[in-house]
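See below for the structure under consideration.
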Amino acid sequence: MSRSQLEQKRDEVLSMEDLLGEILVKLGSSKDMIQAACVSPQWRAVAKAQPFRRAWADRHRAAHVGFLVEMQEGLGRIQKLMYGPQQGELSAVTIRGHIVDAVLAGDNVISSNNGFVLTHRAGEGYCTSFPGDIPRVYTAVAPVMPPIPRGTGQHTVNTFGQFGVLPKAAGGGMSFFVKDASRHILTCYDGVSFCSSAPIYVHVGVYDDEVGWERFVSQPIPSPEPALFHRNPYSVLAGNKLYMMYVVGFILCFDLTSKTFTQIPLPDEVEERVRSWYDYSVASHRGGAIVLVHYHKAVMYTWVLSFLNDEPSWDLECMADLIHCFGDRVTNVAWERVIARENFPIGSDHFYSLQVRSASTDGRFALLTLGYDLGMFELDMIGHTVREITNAVRSGLLGRMFALSEPWPINL
């Protein structure tokens, strides 16, 4: 076969877009895929098509960039990007290089999804943006959510705040929580409580471009007395369900299609061990549900939620022995003190405890802290590696935390 005939055959094969898509989707990283998309306009068109983008997202993980952490600095609060030493593929390293603390200084980030962050801008409402963009571009997605109506039976003394849902934001939708406590609250290490045994109602606002904000209120939620709330409640939007971490010890789910609320218990092994909002964190999962990262006696567990005949079911996905992960990789002497006390009562101050602060998509990475100021670490649940975050110096308590990835699926 002559050279011209070989080139003709090659062109015929490469003109078959379905076959080309099947080849490109098997590339090893988003960096390789972007380079392949630059070969020709035809290849770029295939890589930009929605079927290919969905197939790519199903097969690959978004590169983990780090965690956006809110912390106290002086009399104000700032947000910084925290990450271990330059791990991950090139796209994550490049994004980190574009994000400096000054970029986030004026932002009030309230959520993150698909690589984008949701910002509450005073007087403007809610905007999405990608912190790695230079210059930064903000896209308005909704006006400010109205506060919980006063003078109603559903606005009880233990209403801590309300959840908001923006189904169309950032491609896959975003959700957030706004504090709106109407009475004095009691804050302790394990969470937040109210001096009240009144029923607990949960408020969810859903935004539609045509209708605007629409409010949905749950029936009274059965909970232990006194109820213990997460200090910084948060939510995960997965498919058509909103999973809310509001009261410690269970997850509340709101179905955006049926407009119904259901209570999802934690895995049995977790439920009997949980005593604080620091003991676990919940994130989205590629399978369309959520993943729960839980810490107990020097071991980290990840559980994946699925539904069988509409009934929730938890499956243990992986475990990480923290004695092994930390022992050979981190020299922080405080860890020895934590491990040494794991087999004994920690005490009322919990000073030497470990806290699960946040988790990335699929639960691969978990953000951990020791005590109040003994260090911050990023744990890779798959690679069983730990990296100490060295730029985590702070002068006050930590606030909200969000995992940040590259924009996903890749936008060419």
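FYI, nothing fancy with the structure tokens labels: chains A, B, ... in order, residues from 1 per chain, ligands from 1 as they appear.
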
Query raised in the report: Contacts of stretch 279-285 of chain A at 9 Å or less, counting only C-alpha atoms, minus same-chain residues fewer than 5 places along, as an MDAnalysis selection string?
Result: chainID A and resid 235:238 243 245 270 273:274 290:296 304:305 354:363 366 403

I'd like the neighbourhood of A:Ala169 as a short mmCIF file (atom, residue, chain, number, x, y, z; two decimals) with all heavy atoms, in the first residue's frame, where a residue qualifies if any of its atoms comes within 7 Å (using only C-alpha atoms), though same-chain residues fewer than 4 positions away should be ignored.
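The resulting part-v7.cif:
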data_model
loop_
_atom_site.label_atom_id
_atom_site.label_comp_id
_atom_site.auth_asym_id
_atom_site.auth_seq_id
_atom_site.Cartn_x
_atom_site.Cartn_y
_atom_site.Cartn_z
N VAL A 141 -25.90 34.85 38.74
CA VAL A 141 -26.78 33.70 38.59
C VAL A 141 -28.11 33.86 39.32
O VAL A 141 -29.09 33.20 38.99
CB VAL A 141 -26.10 32.40 39.06
CG1 VAL A 141 -24.98 32.02 38.11
CG2 VAL A 141 -25.58 32.53 40.48
N GLY A 173 -25.20 22.85 38.74
CA GLY A 173 -25.97 23.32 39.86
C GLY A 173 -25.10 23.55 41.09
O GLY A 173 -24.04 22.94 41.25
N MET A 174 -25.55 24.44 41.98
CA MET A 174 -24.82 24.73 43.22
C MET A 174 -25.82 24.93 44.34
O MET A 174 -26.97 25.30 44.12
CB MET A 174 -23.94 25.98 43.05
CG MET A 174 -22.96 25.90 41.91
SD MET A 174 -21.81 27.28 41.84
CE MET A 174 -20.53 26.72 42.95
#

Query raised in the report: Please, which residues of stretch 192-406 of chain A, numbered as in this document, come out strand (DSSP E or B) from DSSP, as a PyMOL selection string?
Result: chain A and resi 192-194+200+203-208+212-217+221+229-238+241-247+250-255+260-265+280-284+290-296+299-308+311-321+354-359+365-370+376-380+385-388+398-405

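With only C-alpha atoms as the basis for measurement, A:Tyr278 is the residue among A:Tyr278, A:Tyr138, A:Phe67, A:Phe194 that approaches A:Leu370 most closely.
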
Query - Contacts of A:His64 within 10 Å, only C-alpha atoms, excl. fewer than 5 positions in-chain, as a PyMOL selection string - result: chain A and resi 83+87-89+91-93+115+360-361+364-365+403-406

**Report entry** Selection: 12 Å around A:Gly212, only C-alpha atoms, excl. self and same-chain fewer than 3 positions, as a PyMOL selection string
**Finding:** chain A and resi 141-146+165-166+205-209+215

Requested in this report: Excluding A:Pro51 and residues on its chain fewer than 6 positions from it, collect all residues at most 12 Å away from it, counting only C-alpha atoms, and give them as a VMD selection string.
Outcome: chain A and resid 17 to 18 21 to 22 25 45 57 to 58 409

Query raised in the report: Do you know which residues are at most 9 Å from stretch 250-252 of chain A counting only C-alpha atoms, after dropping those on the same chain fewer than 2 positions away, and could you put them as an MDAnalysis selection string?
Result: chainID A and resid 202 223 242:248 254 261:266 271

Any chance you could export the current selection's N, CA and C atoms as a CSV table (one decimal), in the first residue's frame?
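Produced file again.csv, reproduced below:
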chain,number,residue,atom,x,y,z
A,202,VAL,N,-36.8,22.7,58.4
A,202,VAL,CA,-35.7,23.1,57.5
A,202,VAL,C,-36.3,23.8,56.3
A,223,SER,N,-35.5,14.5,66.0
A,223,SER,CA,-34.1,14.6,66.3
A,223,SER,C,-33.9,14.4,67.8
A,242,LEU,N,-30.9,17.2,47.0
A,242,LEU,CA,-30.1,18.1,47.8
A,242,LEU,C,-29.9,17.4,49.2
A,243,TYR,N,-28.6,17.1,49.5
A,243,TYR,CA,-28.3,16.5,50.8
A,243,TYR,C,-27.8,17.6,51.7
A,244,MET,N,-28.4,17.7,52.9
A,244,MET,CA,-28.1,18.8,53.8
A,244,MET,C,-27.6,18.2,55.1
A,245,MET,N,-26.4,18.8,55.5
A,245,MET,CA,-25.8,18.5,56.8
A,245,MET,C,-26.1,19.6,57.7
A,246,TYR,N,-27.2,19.4,58.5
A,246,TYR,CA,-27.8,20.4,59.3
A,246,TYR,C,-27.7,20.0,60.8
A,247,VAL,N,-28.3,18.9,61.1
A,247,VAL,CA,-28.3,18.4,62.5
A,247,VAL,C,-27.3,17.2,62.5
A,248,VAL,N,-26.4,17.2,63.5
A,248,VAL,CA,-25.4,16.2,63.6
A,248,VAL,C,-26.0,14.8,63.8
A,254,PHE,N,-33.6,16.6,50.2
A,254,PHE,CA,-34.7,17.3,49.6
A,254,PHE,C,-34.7,16.9,48.1
A,261,PHE,N,-39.1,15.9,51.5
A,261,PHE,CA,-38.0,15.8,52.4
A,261,PHE,C,-38.0,14.4,52.9
A,262,THR,N,-36.8,13.8,53.0
A,262,THR,CA,-36.6,12.5,53.7
A,262,THR,C,-35.4,12.6,54.6
A,263,GLN,N,-35.4,11.8,55.6
A,263,GLN,CA,-34.2,11.8,56.5
A,263,GLN,C,-33.4,10.5,56.2
A,264,ILE,N,-32.1,10.7,56.0
A,264,ILE,CA,-31.2,9.6,55.7
A,264,ILE,C,-30.3,9.3,56.9
A,265,PRO,N,-30.4,8.2,57.5
A,265,PRO,CA,-29.5,7.8,58.6
A,265,PRO,C,-28.1,7.6,58.1
A,266,LEU,N,-27.1,7.8,59.0
A,266,LEU,CA,-25.7,7.5,58.6
A,266,LEU,C,-25.6,6.0,58.7
A,271,GLU,N,-23.1,5.8,62.8
A,271,GLU,CA,-24.2,6.5,63.6
A,271,GLU,C,-23.9,6.3,65.1

Report task. Write out as a count of residues only all residues of stretch 9-142 of chain A that DSSP puts in helix (DSSP H, G or I) for this structure's backbone. Result -> 53

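Of the listed residues (A:Ser196, A:Lys48, A:Pro135, A:Phe130), A:Phe130 comes nearest to A:Ala170; the distances count only C-alpha atoms.
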
Query raised in the report: Of the residues A:Ser30, A:Asn309, A:Arg387, A:Trp303, which is the one nearest to A:Cys325, using only C-alpha atoms?
Result: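 Distance minimum relative to A:Cys325 lands on A:Arg387.
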